[in-house]
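Colleague: Here it is: the structure, laid out below.
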Amino acid sequence: MRKVAVLDHGMGNLRSVAKALEAAGADVTVTSDAAAINRCDAACLPGQGIFDNCMANLAAEGLELVVREWVDAGRPLLGICIGMQVLFETSQEGGGSKGLGILGGGVTRLPDTVSVPHIGWNQVESGRLAALRWPGPASSSGPAPYFYFDHSFVPRPSDEAIVTGWCEHGERFAAMIAASSITATLFHPEKSGRAGIALLEEWVAAGTAAIRPEGGPAWPAPIREGDRGA
Amino acid sequence: MLAKRIIPCLDVAAGRVVKGVRFVALRDAGDPVELAARYDAEGADELVFLDITASHEKRELIYDVATRTAESLFIPLTIGGGVRNVDDVTRLLRAGADKVAVNTAALHRPELISEAAGALGAQAIVVAIDAARRTSAPARRDRRANGSPAGAGAEQSASAGAERGGFAPAWEVFAEGGRLATGRDAVEWAVHACALGAGEILLTSMDADGTTDGYDLALTRAVSDAVPVPVIASGGAGAPGHLADAVDPAAGGAEAALAASVFHFGTLSVMDAKRALAARGLPVRMEAA
């Protein structure tokens, strides 16, 4: 049973995330304790609500450093919604808030031409890394799967090669990314029914393999120079 | 493309579902969690629990319902009814709700909306509005709908009720579960609620509710055109086409259609409604969650 730490920063619906990961086959611990987190194979940074509050709570719980060290060590991290947004450098929410800056780029508000917040089920199209091994919607057959979104802001990765899933609402935006050991979704897999659980299953299965020497190729596939640009 | 949502609503009192339901095979037909699971399996995009518990002490039970539902269901859950303050909102979200609907308390103290949105984010705050058509012609300001021609003539021609009195229809907001008239204009209140931070509007027509004659499309349209956030239409569903009307950009223009009795009594299923939407070319998530 793969051990997954759900990072408890006191925000959002942690129970839903924990239960969904359990349904996806993980042995879940909800904790903010660094030692307990480090005993796990993978970590999930969930999030709902407000960017600034999430950053403040991460700092208050000592989790900001834990997340940085975790990613530096190449261990698998899954960011969800605000937990994805805070990985970037800044956010327009709250007027230029600072994020963790682990990923290059900022977070901006969706345009006024459509209803905002973007609430509901929307389709996620595979990005250009889809051919590589990553947990995400199928790259070829069938229509793009629906996932549940509930947000007003979207990340703008400075390197679009990390985008593994695109969505559109008023404009095209990154709904899912994979970079080094980080996977992140702007939608809520824990609220996306079977499609969401299937995605979490892939992450739980693949994500933990990356930290085991015998676990085959490093996961997620690191961005190679040849993958960048165009 | 963002799918139009079909949302079954369950009335819950003291932790039990109160309306009659068709699912005869259930172990416990009054268990909201078991019913929620059925709707999930039918392809519901989201669920709303409306807590109508009368007694104060039994209101605690809704938190347990939220928790048990969130532990077994992986689709979004909105809970409303009797929410008084930010603490109530926070507790419901922590218990397992994804969004919380406020109604009467926000009418008494609109700052509740900004406080809740400021603490928890607009995406978690639904403002529920119960509205009824005014019977006389009030003085109305020119309300400019997004991108549509302004002016009384355009509004009249677009409004189902305009033909009766020759004036633009208007709707009044009611509090306390429809028992207390507030004098507020429904469209203006919706716009104000969004300015305060509402992330979604759950709009119930008290005239249409229970009729099964269809949604009040003029009301749905007027609010949908006026606010920047998604609108959930409620009240009046009796046939699959009604739900399609509610979310059709050429009719009600809402983002989602909510219904209770027709789903509970088995008049129609969630998939019946979705097929009606799909037949009209409206974006809809057809696979069951």
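Ligands are numbered from 1 in the order shown, residues from 1 within each chain, and chains are lettered A, B, ... in the order they appear in the structure tokens.
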Please find the residues of chain B near chain A - the criterion being any atom within 10 Å, counting only C-alpha atoms - and write them as an NGL selection string.
Modeller: :B and (1-5 or 40-41 or 43 or 45-46 or 67 or 69-77 or 90 or 92-99 or 117-124 or 146 or 198-200 or 224 or 227-231 or 255-256 or 283-289)
Colleague: DSSP on the backbone: which residues in stretch 44-107 of chain A end up as helix (DSSP H, G or I)? Give the answer as an MDAnalysis selection string.
Modeller: chainID A and resid 51:60 63:72 82:85
Colleague: Counting only C-alpha atoms, which of B:Ala54, B:Leu203, B:Val48, B:Ala259 gets nearest to B:Ala186?
Modeller: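 Among B:Ala54, B:Leu203, B:Val48, B:Ala259, it is B:Leu203 that comes nearest to B:Ala186.
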Colleague: Can you tell me, as a list of chain:residue names, what residues are no more than 12 Å from B:Arg59 when counting only C-alpha atoms, ignoring any on the same chain fewer than 2 positions away?
Modeller: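 After dropping sequence-adjacent residues, the list is B:Val12, B:Ala13, B:Ala14, B:Gly15, B:Arg16, B:Leu50, B:Asp51, B:Ile52, B:Thr53, B:Ala54, B:Ser55, B:His56, B:Glu57, B:Leu61, B:Ile62, B:Tyr63, B:Asp64, B:Val65, B:Ala66, B:Gly80, B:Gly81, B:Gly82, B:Val83, B:Arg84, B:Asp88, B:Leu92.
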Colleague: Would you put the residues from that selection into a file with N, CA, C and O atoms, as an mmCIF file, in the first residue's frame?
Modeller:
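Resulting contents of again-v9.cif:
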data_model
loop_
_atom_site.group_PDB
_atom_site.id
_atom_site.type_symbol
_atom_site.label_atom_id
_atom_site.label_comp_id
_atom_site.auth_asym_id
_atom_site.auth_seq_id
_atom_site.Cartn_x
_atom_site.Cartn_y
_atom_site.Cartn_z
ATOM 1 N N VAL B 12 -33.504 18.068 3.437
ATOM 2 C CA VAL B 12 -33.088 17.266 4.580
ATOM 3 C C VAL B 12 -33.547 17.942 5.869
ATOM 4 O O VAL B 12 -33.353 19.143 6.041
ATOM 5 N N ALA B 13 -34.194 17.169 6.732
ATOM 6 C CA ALA B 13 -34.599 17.686 8.043
ATOM 7 C C ALA B 13 -34.094 16.721 9.112
ATOM 8 O O ALA B 13 -34.316 15.514 9.010
ATOM 9 N N ALA B 14 -33.383 17.258 10.087
ATOM 10 C CA ALA B 14 -32.819 16.452 11.168
ATOM 11 C C ALA B 14 -32.046 15.248 10.610
ATOM 12 O O ALA B 14 -32.152 14.130 11.112
ATOM 13 N N GLY B 15 -31.317 15.490 9.547
ATOM 14 C CA GLY B 15 -30.458 14.451 8.985
ATOM 15 C C GLY B 15 -31.166 13.442 8.105
ATOM 16 O O GLY B 15 -30.568 12.466 7.660
ATOM 17 N N ARG B 16 -32.451 13.659 7.835
ATOM 18 C CA ARG B 16 -33.233 12.713 7.020
ATOM 19 C C ARG B 16 -33.845 13.412 5.812
ATOM 20 O O ARG B 16 -34.249 14.573 5.897
ATOM 21 N N LEU B 50 -30.638 20.788 0.923
ATOM 22 C CA LEU B 50 -31.243 21.942 1.562
ATOM 23 C C LEU B 50 -31.712 21.512 2.943
ATOM 24 O O LEU B 50 -32.630 20.693 3.080
ATOM 25 N N ASP B 51 -31.082 22.053 3.965
ATOM 26 C CA ASP B 51 -31.413 21.672 5.339
ATOM 27 C C ASP B 51 -32.606 22.493 5.811
ATOM 28 O O ASP B 51 -32.520 23.711 5.944
ATOM 29 N N ILE B 52 -33.723 21.806 6.042
ATOM 30 C CA ILE B 52 -34.934 22.514 6.483
ATOM 31 C C ILE B 52 -35.294 22.139 7.915
ATOM 32 O O ILE B 52 -36.441 22.253 8.335
ATOM 33 N N THR B 53 -34.288 21.711 8.664
ATOM 34 C CA THR B 53 -34.495 21.345 10.059
ATOM 35 C C THR B 53 -35.092 22.525 10.824
ATOM 36 O O THR B 53 -34.557 23.636 10.780
ATOM 37 N N ALA B 54 -36.191 22.275 11.509
ATOM 38 C CA ALA B 54 -36.860 23.348 12.238
ATOM 39 C C ALA B 54 -36.207 23.590 13.596
ATOM 40 O O ALA B 54 -35.967 24.726 13.994
ATOM 41 N N SER B 55 -35.932 22.519 14.302
ATOM 42 C CA SER B 55 -35.438 22.708 15.668
ATOM 43 C C SER B 55 -33.941 22.994 15.668
ATOM 44 O O SER B 55 -33.171 22.396 14.920
ATOM 45 N N HIS B 56 -33.578 23.916 16.510
ATOM 46 C CA HIS B 56 -32.203 24.399 16.546
ATOM 47 C C HIS B 56 -31.217 23.289 16.895
ATOM 48 O O HIS B 56 -30.178 23.148 16.256
ATOM 49 N N GLU B 57 -31.545 22.482 17.912
ATOM 50 C CA GLU B 57 -30.574 21.492 18.398
ATOM 51 C C GLU B 57 -30.299 20.399 17.362
ATOM 52 O O GLU B 57 -29.203 19.869 17.292
ATOM 53 N N LEU B 61 -27.063 17.867 13.005
ATOM 54 C CA LEU B 61 -27.052 16.632 12.224
ATOM 55 C C LEU B 61 -26.588 16.841 10.790
ATOM 56 O O LEU B 61 -26.071 15.921 10.157
ATOM 57 N N ILE B 62 -26.753 18.042 10.273
ATOM 58 C CA ILE B 62 -26.380 18.282 8.878
ATOM 59 C C ILE B 62 -24.864 18.139 8.686
ATOM 60 O O ILE B 62 -24.407 17.762 7.606
ATOM 61 N N TYR B 63 -24.102 18.411 9.728
ATOM 62 C CA TYR B 63 -22.645 18.286 9.602
ATOM 63 C C TYR B 63 -22.250 16.822 9.397
ATOM 64 O O TYR B 63 -21.367 16.500 8.620
ATOM 65 N N ASP B 64 -22.935 15.965 10.124
ATOM 66 C CA ASP B 64 -22.677 14.535 9.977
ATOM 67 C C ASP B 64 -23.077 14.065 8.572
ATOM 68 O O ASP B 64 -22.373 13.262 7.948
ATOM 69 N N VAL B 65 -24.193 14.590 8.077
ATOM 70 C CA VAL B 65 -24.636 14.235 6.723
ATOM 71 C C VAL B 65 -23.587 14.678 5.699
ATOM 72 O O VAL B 65 -23.237 13.923 4.790
ATOM 73 N N ALA B 66 -23.066 15.882 5.882
ATOM 74 C CA ALA B 66 -22.049 16.401 4.965
ATOM 75 C C ALA B 66 -20.820 15.500 4.970
ATOM 76 O O ALA B 66 -20.287 15.139 3.926
ATOM 77 N N GLY B 80 -27.178 24.118 1.866
ATOM 78 C CA GLY B 80 -27.782 25.395 2.225
ATOM 79 C C GLY B 80 -28.885 25.177 3.233
ATOM 80 O O GLY B 80 -29.229 24.039 3.556
ATOM 81 N N GLY B 81 -29.444 26.279 3.706
ATOM 82 C CA GLY B 81 -30.540 26.196 4.666
ATOM 83 C C GLY B 81 -30.081 26.507 6.071
ATOM 84 O O GLY B 81 -29.296 25.764 6.643
ATOM 85 N N GLY B 82 -30.547 27.611 6.608
ATOM 86 C CA GLY B 82 -30.265 27.940 7.997
ATOM 87 C C GLY B 82 -28.853 28.385 8.289
ATOM 88 O O GLY B 82 -28.444 28.445 9.449
ATOM 89 N N VAL B 83 -28.098 28.705 7.251
ATOM 90 C CA VAL B 83 -26.718 29.162 7.460
ATOM 91 C C VAL B 83 -26.754 30.619 7.945
ATOM 92 O O VAL B 83 -27.292 31.489 7.270
ATOM 93 N N ARG B 84 -26.208 30.847 9.142
ATOM 94 C CA ARG B 84 -26.365 32.171 9.762
ATOM 95 C C ARG B 84 -25.121 33.045 9.688
ATOM 96 O O ARG B 84 -25.207 34.257 9.652
ATOM 97 N N ASP B 88 -20.736 29.041 10.507
ATOM 98 C CA ASP B 88 -21.562 27.977 9.917
ATOM 99 C C ASP B 88 -20.995 27.561 8.555
ATOM 100 O O ASP B 88 -20.892 26.371 8.242
ATOM 101 N N LEU B 92 -19.428 23.854 7.676
ATOM 102 C CA LEU B 92 -20.008 23.006 6.623
ATOM 103 C C LEU B 92 -18.953 22.624 5.594
ATOM 104 O O LEU B 92 -18.896 21.475 5.142
#
Colleague: Work out how far atom CA of A:Phe173 is from atom CA of A:Arg68, in Å to one decimal.
Modeller: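 Distance reported for this atom pair: 25.0 Å.
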Colleague: What does the structure give for the distance between atom CA of A:Ser126 and atom CA of A:Pro155, in Å to one decimal?
Modeller: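 Atom CA of A:Pro155 lies 16.5 Å from atom CA of A:Ser126.
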Colleague: Interatomic distance between atom CA of A:Ile102 and atom CA of A:Val66?
Modeller: 12.6 Å
Colleague: Would you please give, as number ranges by chain, all residues of stretch 25-230 of chain B that DSSP assigns to strand (DSSP E) based on the backbone?
Modeller: B: 47-51, 77-80, 99-102, 125-133, 171-175, 180-185, 200-205
Colleague: Between A:Leu63, A:Leu186, A:Val28, A:Ala178, which is the closest to A:Asp41 once you count only C-alpha atoms?
Modeller: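 Under the stated criterion, the closest residue is A:Val28.
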